[in-house]
Structure formats: C-alpha cells, structure tokens
$ cat data-v6.cif   # mmCIF, C-alpha atoms
data_entry
#
loop_
_atom_site.label_atom_id
_atom_site.label_comp_id
_atom_site.auth_asym_id
_atom_site.auth_seq_id
_atom_site.Cartn_x
_atom_site.Cartn_y
_atom_site.Cartn_z
CA MET A 96 -24.40 -4.20 5.14
CA MET A 97 -21.07 -4.02 3.37
CA GLY A 98 -20.19 -0.98 1.28
CA LEU A 99 -17.33 0.05 -0.97
CA ILE A 100 -14.91 0.96 1.81
CA GLU A 101 -15.64 -2.21 3.76
CA ASP A 102 -15.19 -4.36 0.65
CA LEU A 103 -11.90 -2.65 -0.22
CA ILE A 104 -10.52 -3.25 3.27
CA GLU A 105 -11.71 -6.86 3.24
CA SER A 106 -10.02 -7.43 -0.12
CA VAL A 107 -6.61 -6.16 0.98
CA LYS A 108 -6.31 -7.44 4.53
CA LYS A 109 -4.44 -10.55 3.36
CA ASN A 110 -1.52 -8.20 2.60
CA ASP A 111 -1.50 -6.63 6.06
CA CYS A 112 2.00 -6.00 7.35
CA GLU A 113 4.02 -3.57 9.44
CA VAL A 114 4.18 0.00 8.15
CA LYS A 115 7.70 1.11 7.22
CA ASP A 116 7.00 4.78 6.63
CA VAL A 117 4.21 7.38 6.52
CA ARG A 118 4.51 10.84 5.00
CA VAL A 119 1.82 13.50 4.84
CA GLY A 120 2.90 16.19 2.42
CA VAL A 121 1.18 19.34 1.22
CA SER A 122 -0.01 17.65 -1.97
CA TRP A 123 0.25 13.91 -1.39
CA THR A 124 0.25 11.33 1.36
CA GLY A 125 2.29 8.13 1.18
CA VAL A 126 2.20 4.92 3.19
CA TRP A 127 4.91 2.31 2.64
CA SER A 128 4.02 -1.15 3.90
CA LYS A 129 4.04 -4.24 1.66
CA TYR A 130 3.92 -1.85 -1.31
CA CYS A 131 3.91 1.94 -1.42
CA GLY A 132 0.47 3.54 -1.66
CA LEU A 133 -0.42 7.15 -2.42
CA SER A 134 -3.37 9.42 -1.77
CA LYS A 135 -4.20 13.06 -2.30
CA THR A 136 -3.75 15.02 0.92
CA TYR A 137 -7.11 16.43 1.93
CA GLY A 138 -7.71 18.80 4.82
CA ILE A 139 -4.82 21.27 4.53
CA PRO A 140 -4.76 23.87 5.97
CA VAL A 141 -6.08 22.49 9.24
CA PRO A 142 -6.72 24.49 12.42
CA HIS A 143 -4.23 24.24 15.27
CA GLY A 144 -5.12 21.30 17.45
CA ASN A 145 -6.63 19.20 14.66
CA TYR A 146 -4.09 16.46 15.22
CA THR A 147 -3.90 13.16 13.41
CA ARG A 148 -4.70 10.24 15.68
CA ASP A 149 -1.49 8.76 17.14
CA PHE A 150 0.66 11.23 15.20
CA GLY A 151 4.32 10.45 15.72
CA GLU A 152 3.51 6.77 16.27
CA LEU A 153 2.15 5.67 12.89
CA ILE A 154 5.29 3.85 11.73
CA GLY A 155 5.26 0.33 13.13
CA LYS A 156 1.48 0.07 13.17
CA SER A 157 -0.07 -2.46 10.82
CA SER A 158 -1.19 -1.30 7.41
CA LEU A 159 -4.68 -2.61 8.22
CA GLU A 160 -4.82 -0.38 11.31
CA LEU A 161 -3.99 2.65 9.17
CA ALA A 162 -6.37 1.57 6.42
CA LYS A 163 -9.24 1.99 8.88
CA TYR A 164 -8.39 5.68 9.14
CA VAL A 165 -10.32 5.96 5.86
CA TYR A 166 -13.53 6.09 7.94
CA SER A 167 -12.43 9.30 9.65
CA TRP A 168 -14.04 12.69 8.98
CA ASN A 169 -10.67 14.25 9.72
CA PHE A 170 -9.64 14.20 6.07
CA ILE A 171 -5.91 14.10 6.87
CA GLU A 172 -6.56 10.81 8.65
CA ALA A 173 -8.76 9.63 5.78
CA SER A 174 -5.96 10.45 3.33
CA ILE A 175 -3.64 8.24 5.35
CA GLY A 176 -6.31 5.54 5.29
CA VAL A 177 -6.60 5.58 1.50
CA ALA A 178 -2.82 5.53 1.08
CA ALA A 179 -2.66 2.58 3.49
CA ILE A 180 -5.28 0.67 1.47
CA ASN A 181 -3.24 1.34 -1.66
CA SER A 182 -0.09 0.17 0.12
CA MET A 183 -1.62 -3.32 0.32
CA ILE A 184 -2.40 -3.52 -3.41
CA ASP A 185 0.01 -4.72 -6.08
CA PRO A 186 -1.24 -2.66 -9.06
CA LYS A 187 -2.14 -4.70 -12.15
CA GLY A 188 -3.15 -3.61 -15.62
CA LYS A 189 -1.43 -2.32 -18.72
CA LYS A 190 1.13 0.43 -18.67
CA SER A 191 -0.57 3.41 -20.24
CA ASN A 192 -1.15 7.14 -19.83
CA ALA A 193 -4.67 7.42 -18.44
CA LEU A 194 -5.21 11.01 -19.57
CA GLU A 195 -4.52 10.12 -23.20
CA PHE A 196 -6.94 7.21 -22.75
CA VAL A 197 -9.59 9.61 -21.42
CA ILE A 198 -9.13 12.03 -24.34
CA GLU A 199 -9.54 9.22 -26.86
CA LYS A 200 -12.66 7.84 -25.15
CA SER A 201 -14.20 11.34 -24.86
CA LYS A 202 -14.58 11.88 -28.61
CA GLY A 203 -18.18 12.80 -29.44
CA LYS A 204 -19.39 11.96 -25.91
CA ARG A 205 -21.21 13.87 -23.18
CA VAL A 206 -18.51 13.88 -20.50
CA VAL A 207 -18.70 14.80 -16.82
CA MET A 208 -15.47 15.19 -14.88
CA VAL A 209 -15.49 15.00 -11.09
CA GLY A 210 -12.23 16.63 -10.05
CA ARG A 211 -9.78 18.68 -12.08
CA PHE A 212 -7.13 16.95 -14.16
CA PRO A 213 -4.32 18.04 -16.46
CA LYS A 214 -5.35 18.10 -20.13
CA GLU A 215 -8.98 18.88 -19.27
CA GLU A 216 -9.02 21.36 -22.19
CA GLU A 217 -8.13 18.53 -24.58
CA VAL A 218 -11.03 16.54 -23.16
CA ARG A 219 -13.30 19.56 -23.61
CA LYS A 220 -12.30 19.82 -27.29
CA ALA A 221 -12.82 16.09 -27.92
CA ALA A 222 -16.20 15.82 -26.17
CA LYS A 223 -19.60 16.72 -27.60
CA ASP A 224 -20.51 18.22 -24.23
CA PHE A 225 -18.23 18.72 -21.25
CA LYS A 226 -18.97 19.54 -17.62
CA ILE A 227 -16.84 19.72 -14.50
CA LEU A 228 -18.25 19.28 -11.00
CA GLU A 229 -16.42 21.61 -8.61
CA LEU A 230 -16.43 21.75 -4.80
CA ASP A 231 -14.88 25.23 -4.62
CA GLN A 232 -17.79 27.65 -5.08
CA TYR A 233 -15.41 30.41 -6.20
CA LYS A 234 -14.40 28.38 -9.25
CA ILE A 235 -17.96 27.69 -10.44
CA ASN A 236 -18.71 29.09 -13.90
CA PRO A 237 -21.83 27.64 -15.54
CA ALA A 238 -21.00 29.39 -18.82
CA LEU A 239 -17.92 27.17 -19.04
CA GLY A 240 -19.74 24.08 -17.79
CA ILE A 241 -18.10 24.29 -14.34
CA LEU A 242 -20.94 23.38 -12.00
CA PRO A 243 -21.28 22.93 -8.24
CA ALA A 244 -20.80 19.41 -6.90
CA THR A 245 -24.47 19.44 -5.88
CA ALA A 246 -25.35 19.17 -9.59
CA SER A 247 -24.03 15.60 -9.65
CA GLU A 248 -27.48 14.00 -9.27
CA TYR A 249 -28.68 15.93 -12.31
CA VAL A 250 -25.76 15.79 -14.75
CA ILE A 251 -23.99 12.47 -14.11
CA PRO A 252 -26.97 10.22 -15.03
CA GLN A 253 -27.31 12.20 -18.29
CA SER A 254 -23.67 11.66 -19.29
CA ASP A 255 -22.20 9.12 -21.67
CA MET A 256 -18.95 9.10 -19.74
CA ALA A 257 -17.96 10.00 -16.18
CA VAL A 258 -14.35 10.62 -15.13
CA ILE A 259 -14.07 10.53 -11.34
CA THR A 260 -11.02 11.33 -9.26
CA GLY A 261 -9.98 8.51 -6.95
CA SER A 262 -9.59 11.04 -4.15
CA THR A 263 -13.38 11.05 -3.76
CA LEU A 264 -12.80 7.92 -1.66
CA ILE A 265 -11.32 10.25 0.98
CA ASN A 266 -14.45 12.38 1.36
CA LYS A 267 -16.68 9.29 1.17
CA SER A 268 -18.47 10.33 -2.05
CA LEU A 269 -17.02 7.74 -4.45
CA GLU A 270 -19.65 5.06 -3.84
CA ARG A 271 -22.49 7.54 -4.44
CA LEU A 272 -20.84 8.91 -7.59
CA LEU A 273 -20.42 5.40 -8.97
CA SER A 274 -24.09 4.67 -8.33
CA LEU A 275 -25.04 7.84 -10.23
CA SER A 276 -22.84 6.87 -13.19
CA LYS A 277 -24.01 3.26 -13.50
CA GLU A 278 -25.46 3.94 -16.98
CA SER A 279 -22.32 5.81 -18.08
CA TYR A 280 -18.88 4.60 -19.10
CA THR A 281 -17.02 5.33 -15.88
CA ILE A 282 -13.31 5.88 -15.29
CA VAL A 283 -11.86 6.29 -11.79
CA LEU A 284 -8.57 8.08 -12.21
CA GLY A 285 -5.55 9.38 -10.33
CA PRO A 286 -2.82 8.31 -7.89
CA SER A 287 -5.36 7.93 -5.06
CA THR A 288 -7.30 5.29 -7.02
CA PRO A 289 -7.20 1.82 -5.43
CA MET A 290 -6.20 -0.53 -8.25
CA SER A 291 -8.69 -3.09 -7.00
CA GLU A 292 -11.33 -4.98 -8.97
CA VAL A 293 -13.71 -4.20 -6.09
CA LEU A 294 -14.38 -0.88 -7.86
CA PHE A 295 -15.77 -2.83 -10.82
CA ASP A 296 -18.39 -4.34 -8.52
CA TYR A 297 -19.59 -0.81 -7.75
CA GLY A 298 -19.86 0.36 -11.34
CA ALA A 299 -16.42 1.45 -12.54
CA ASP A 300 -15.52 0.33 -16.08
CA VAL A 301 -11.88 1.43 -15.91
CA ILE A 302 -9.54 2.17 -13.01
CA ALA A 303 -6.37 4.12 -13.64
CA GLY A 304 -3.76 4.70 -10.96
CA VAL A 305 -0.06 4.41 -10.31
CA GLU A 306 2.43 1.78 -9.30
CA VAL A 307 5.25 3.02 -7.09
CA ILE A 308 8.41 1.32 -8.32
CA LYS A 309 10.87 3.09 -6.01
CA PRO A 310 9.27 3.94 -2.65
CA ILE A 311 12.24 5.71 -1.07
CA PRO A 312 12.54 8.63 -3.53
CA ILE A 313 8.74 8.95 -3.81
CA ILE A 314 8.33 9.12 -0.03
CA LYS A 315 11.13 11.69 0.12
CA LYS A 316 9.52 13.88 -2.56
CA ILE A 317 6.12 13.72 -0.87
CA SER A 318 7.63 15.02 2.37
CA GLN A 319 9.29 17.89 0.48
CA THR A 320 5.92 19.22 -0.79
CA GLY A 321 5.68 17.11 -3.98
CA GLY A 322 3.51 18.54 -6.77
CA MET A 323 1.81 16.29 -9.32
CA VAL A 324 2.88 12.66 -9.08
CA SER A 325 3.99 12.17 -12.68
CA LYS A 326 6.56 10.21 -14.66
CA ARG A 327 8.09 13.51 -15.73
CA MET A 328 8.72 14.60 -12.14
CA CYS A 329 9.44 11.09 -10.87
CA PRO A 330 11.33 9.40 -13.74
CA GLY A 331 11.78 5.67 -13.24
CA GLU A 332 10.03 5.85 -9.85
CA ILE A 333 6.37 5.31 -10.80
CA GLU A 334 4.42 3.64 -13.57
CA TYR A 335 0.91 4.52 -14.79
CA ARG A 336 -1.50 1.57 -14.81
CA ILE A 337 -4.90 1.11 -16.44
CA LEU A 338 -7.16 -1.82 -15.64
CA GLU A 339 -10.38 -2.38 -17.61
CA LYS A 340 -13.39 -4.36 -16.43
#
$ encode --input "data-v6.cif" --output "structure tokens"
Amino acid sequence: MMGLIEDLIESVKKNDCEVKDVRVGVSWTGVWSKYCGLSKTYGIPVPHGNYTRDFGELIGKSSLELAKYVYSWNFIEASIGVAAINSMIDPKGKKSNALEFVIEKSKGKRVVMVGRFPKEEEVRKAAKDFKILELDQYKINPALGILPATASEYVIPQSDMAVITGSTLINKSLERLLSLSKESYTIVLGPSTPMSEVLFDYGADVIAGVEVIKPIPIIKKISQTGGMVSKRMCPGEIEYRILEK
C-alpha cells in the first residue's frame, strides 16, 4: 500500500538526475540536483560512528537514490532524503511570506502549531486558543499551552487550524499528523516542505516552502552553519512560495 513518502518519491522520479552537491550543515541540509532542495538537519549531535551511508560518495549519485534515504531512521540520512526529494521539485505557487499568511488565518481560531516558528507570539495573540506541540520535554509548559507531542491525538482534532512543520517528514510523523488534522484547516510550512500537490491528497490545505534561486551561495551558507533560511539572511537567493489546494 502506497503512503505519503512513496507517493512523493513516485511523483518526482521523472526529474531524477545526477547530484551536483550535498551539504549537511548544523541547521540545514542541501541537495543540488535538477533544482536545489533544502531540509532541516535532524540528528545532531550524533554519536561517534553513526556515519551517513556512503558518506564522501554522495555527489554523483542520482537524486532518486538519495531521495530513498528518507526511509532511514538515521535522521541525518533522512534529512538528506527530504532535501533530495525537494531537489527534484520546481516550486510553484504565489510569492508570499507564509508566516504573515499564518497570522492572518489564525484570527479568532483554535490553532495548534507542530514545531516552533518565528512570530509564534503574533499567532498566539491573533488566535482564540493557541497550543504548541513540543518534542523537547524540558520546554513543555502547559500553562503556556506548550504540550508534549503525545498530546497530538487529543488536541489536533479539536483545532480549527493546524500549522505543521515540513520537517516532520524526516521523523516520519507528517502523514499521521495530516490524518489527525483532516477536519482542520492545515498548513504545512517551512523550507523542508515538499512543494508537491501530493500533500493535498493527504489533507494539507496549504503548503508553504522555499524556492532556491541561487544554489551556490545557499549551499555555501549551509556548510558554514547557516541559521534560519530567510530572505533577510539570503537576499536574492531564495523566494518564499505558498500553494493553496
């Protein structure tokens, strides 16, 4: 039976080509093949000996080969896999700041955010009710609506709007989160987000990611730690894209 990951890979394989570059930075991972795709780097720090499969030999592989790393439970490999999937997608949609879009759509709504984003306080102020699902147990604070990720089955179906980080594709939870939010207005957001209409088939109403306009400087910045991938830090090198169902 096909699932989200399988359908994403099937949808992009027509753009399979040789990989020109791969960078795994502290914050972000980049794969440059037909296009340049990004993904949040998961799994750092890793123990000594937790090597990436074929490390040192990733350039020159096919983008489809690297895309299949998304299945790995070594999250560094899975980060490479998501970036490789994104490197085979030519992002469509309107040019727009997704966070401003989220703030506007949050007004008067019960909002659940899976992942932490800039401007979350503005979303909190706009929303009628606001909760964040957090993996790090040391950041949980129920008084502020910051709940453990295990609360997802309880709070997401009760929300009017769910904002889900695209990096949940790396830890394999995106498909489940989309199924929980099927009655909510759902936005999948962030540079890791595959700008593919396949996500609409699984319940997303809006997908918001980035288009890499200039791969060379972006790849260079990723390898030199690279904080938030933003137009402010990468002027003229990326474009924000929003695609609605």
$ residues_around --input "data-v6.cif" --residues "Leu273 (chain A)" --least-positions-apart "4" --cutoff "9 Å" --atoms "all atoms listed in the file" --output "PyMOL selection string"
chain A and resi 257+259+268-269+277+281+294+297-299
$ closest_atom_pairs --input "data-v6.cif" --of "region 119-203 of chain A" --to "region 208-211 of chain A" --cutoff "12 Å" --atoms "all atoms listed in the file" --output "JSON lines"
{"residue": "A:Lys135", "atom": "CA", "partner": "A:Gly210", "partner_atom": "CA", "distance": 11.7}
{"residue": "A:Leu194", "atom": "CA", "partner": "A:Arg211", "partner_atom": "CA", "distance": 11.7}
{"residue": "A:Val197", "atom": "CA", "partner": "A:Met208", "partner_atom": "CA", "distance": 10.4}
{"residue": "A:Ile198", "atom": "CA", "partner": "A:Met208", "partner_atom": "CA", "distance": 11.8}
{"residue": "A:Ser201", "atom": "CA", "partner": "A:Met208", "partner_atom": "CA", "distance": 10.8}
$ write_last_selection --input "data-v6.cif" --atoms "C-alpha atoms" --output "PDB file, keeping the file's coordinate frame"
ATOM      1  CA  LYS A 135      -4.200  13.060  -2.300  1.00  0.00           C
ATOM      2  CA  LEU A 194      -5.210  11.010 -19.570  1.00  0.00           C
ATOM      3  CA  VAL A 197      -9.590   9.610 -21.420  1.00  0.00           C
ATOM      4  CA  ILE A 198      -9.130  12.030 -24.340  1.00  0.00           C
ATOM      5  CA  SER A 201     -14.200  11.340 -24.860  1.00  0.00           C
TER       6      SER A 201
END
$ resolve_selection --input "data-v6.cif" --expression "the PyMOL selection byres ((chain A and resi 192) around 12)" --output "NGL selection string"
:A and (188-191 or 193-199 or 213-214 or 284-285 or 302-305 or 325-327 or 333-338)
$ atom_distance --input "data-v6.cif" --atom1 "CA of Ala178 (chain A)" --atom2 "CA of Pro286 (chain A)"
9.4 Å
$ residues_around --input "data-v6.cif" --residues "region 308-316 of chain A" --least-positions-apart "3" --cutoff "6 Å" --atoms "only C-alpha atoms" --output "MDAnalysis selection string"
chainID A and resid 131 319 321 332:333
$ resolve_selection --input "data-v6.cif" --expression "the PyMOL selection byres ((chain A and resi 184-187) around 7)" --output "MDAnalysis selection string"
chainID A and resid 107 130 181:183 188 290 306 336 338
$ closest_residue --input "data-v6.cif" --among "A:Glu216, A:Glu101, A:Glu229, A:Glu278" --to "Pro252 (chain A)" --atoms "only C-alpha atoms"
A:Glu278
$ closest_residue --input "data-v6.cif" --among "A:Val207, A:Ser274, A:Asp224, A:Ser174" --to "Leu242 (chain A)" --atoms "only C-alpha atoms"
A:Val207
$ atom_distance --input "data-v6.cif" --atom1 "CA of Glu105 (chain A)" --atom2 "CA of Val258 (chain A)"
25.5 Å
$ resolve_selection --input "data-v6.cif" --expression "the PyMOL selection byres ((chain A and resi 243) around 8)" --output "list in words"
Leu228, Glu229, Leu230, Asp231, Gln232, Ile235, Ile241, Leu242, Ala244, Thr245, Ala246 and Ser247 of chain A
$ closest_residue --input "data-v6.cif" --among "A:Asp149, A:Glu217, A:Asp111, A:Glu339" --to "Glu292 (chain A)" --atoms "only C-alpha atoms"
A:Glu339
$ closest_residue --input "data-v6.cif" --among "A:Ile154, A:Met97, A:Val119, A:Leu103" --to "Ser318 (chain A)" --atoms "all atoms listed in the file"
A:Val119
$ closest_residue --input "data-v6.cif" --among "A:Lys267, A:Lys223, A:Lys109, A:Arg118" --to "Ile175 (chain A)" --atoms "all atoms listed in the file"
A:Arg118
$ atom_distance --input "data-v6.cif" --atom1 "CA of Leu159 (chain A)" --atom2 "CA of Cys112 (chain A)"
7.5 Å
$ closest_residue --input "data-v6.cif" --among "A:Ser128, A:Asn169, A:Thr320, A:Asn236" --to "Asn266 (chain A)" --atoms "only C-alpha atoms"
A:Asn169
$ decode --input "data-v6.cif" --residues "region 259-281 of chain A" --atoms "N, CA and C atoms" --output "short mmCIF file (atom, residue, chain, number, x, y, z; two decimals), in the first residue's frame"
data_model
loop_
_atom_site.label_atom_id
_atom_site.label_comp_id
_atom_site.auth_asym_id
_atom_site.auth_seq_id
_atom_site.Cartn_x
_atom_site.Cartn_y
_atom_site.Cartn_z
N ILE A 259 1.85 22.82 10.63
CA ILE A 259 2.76 21.69 10.82
C ILE A 259 4.07 21.96 10.09
N THR A 260 5.18 21.80 10.80
CA THR A 260 6.47 21.98 10.15
C THR A 260 6.73 20.86 9.14
N GLY A 261 7.24 21.23 7.97
CA GLY A 261 7.56 20.25 6.95
C GLY A 261 8.62 19.26 7.37
N SER A 262 9.40 19.62 8.41
CA SER A 262 10.46 18.72 8.85
C SER A 262 9.92 17.47 9.52
N THR A 263 8.60 17.42 9.80
CA THR A 263 8.02 16.18 10.33
C THR A 263 8.07 15.04 9.31
N LEU A 264 8.34 15.37 8.05
CA LEU A 264 8.55 14.31 7.06
C LEU A 264 9.81 13.52 7.40
N ILE A 265 10.79 14.17 8.01
CA ILE A 265 12.05 13.50 8.35
C ILE A 265 11.83 12.43 9.40
N ASN A 266 11.06 12.74 10.45
CA ASN A 266 10.85 11.74 11.51
C ASN A 266 9.63 10.86 11.27
N LYS A 267 9.09 10.94 10.07
CA LYS A 267 8.02 10.05 9.59
C LYS A 267 6.66 10.31 10.23
N SER A 268 6.47 11.47 10.87
CA SER A 268 5.20 11.73 11.55
C SER A 268 4.22 12.57 10.72
N LEU A 269 4.67 13.10 9.58
CA LEU A 269 3.82 14.02 8.82
C LEU A 269 2.50 13.38 8.38
N GLU A 270 2.57 12.16 7.87
CA GLU A 270 1.34 11.52 7.37
C GLU A 270 0.32 11.35 8.51
N ARG A 271 0.79 10.94 9.68
CA ARG A 271 -0.12 10.77 10.82
C ARG A 271 -0.70 12.12 11.25
N LEU A 272 0.13 13.15 11.29
CA LEU A 272 -0.35 14.48 11.70
C LEU A 272 -1.40 15.00 10.72
N LEU A 273 -1.20 14.77 9.44
CA LEU A 273 -2.18 15.20 8.45
C LEU A 273 -3.50 14.44 8.61
N SER A 274 -3.41 13.17 8.98
CA SER A 274 -4.65 12.41 9.19
C SER A 274 -5.40 12.93 10.41
N LEU A 275 -4.67 13.38 11.43
CA LEU A 275 -5.31 13.93 12.63
C LEU A 275 -5.96 15.28 12.37
N SER A 276 -5.41 16.01 11.40
CA SER A 276 -5.90 17.38 11.13
C SER A 276 -6.86 17.45 9.95
N LYS A 277 -7.43 16.32 9.56
CA LYS A 277 -8.24 16.30 8.34
C LYS A 277 -9.50 17.16 8.44
N GLU A 278 -9.96 17.45 9.68
CA GLU A 278 -11.12 18.33 9.85
C GLU A 278 -10.70 19.78 10.11
N SER A 279 -9.41 20.03 10.15
CA SER A 279 -8.88 21.37 10.41
C SER A 279 -8.33 21.97 9.12
N TYR A 280 -8.21 23.29 9.11
CA TYR A 280 -7.51 23.98 8.03
C TYR A 280 -6.02 23.78 8.29
N THR A 281 -5.33 23.12 7.38
CA THR A 281 -3.98 22.64 7.66
C THR A 281 -2.95 23.26 6.73
#
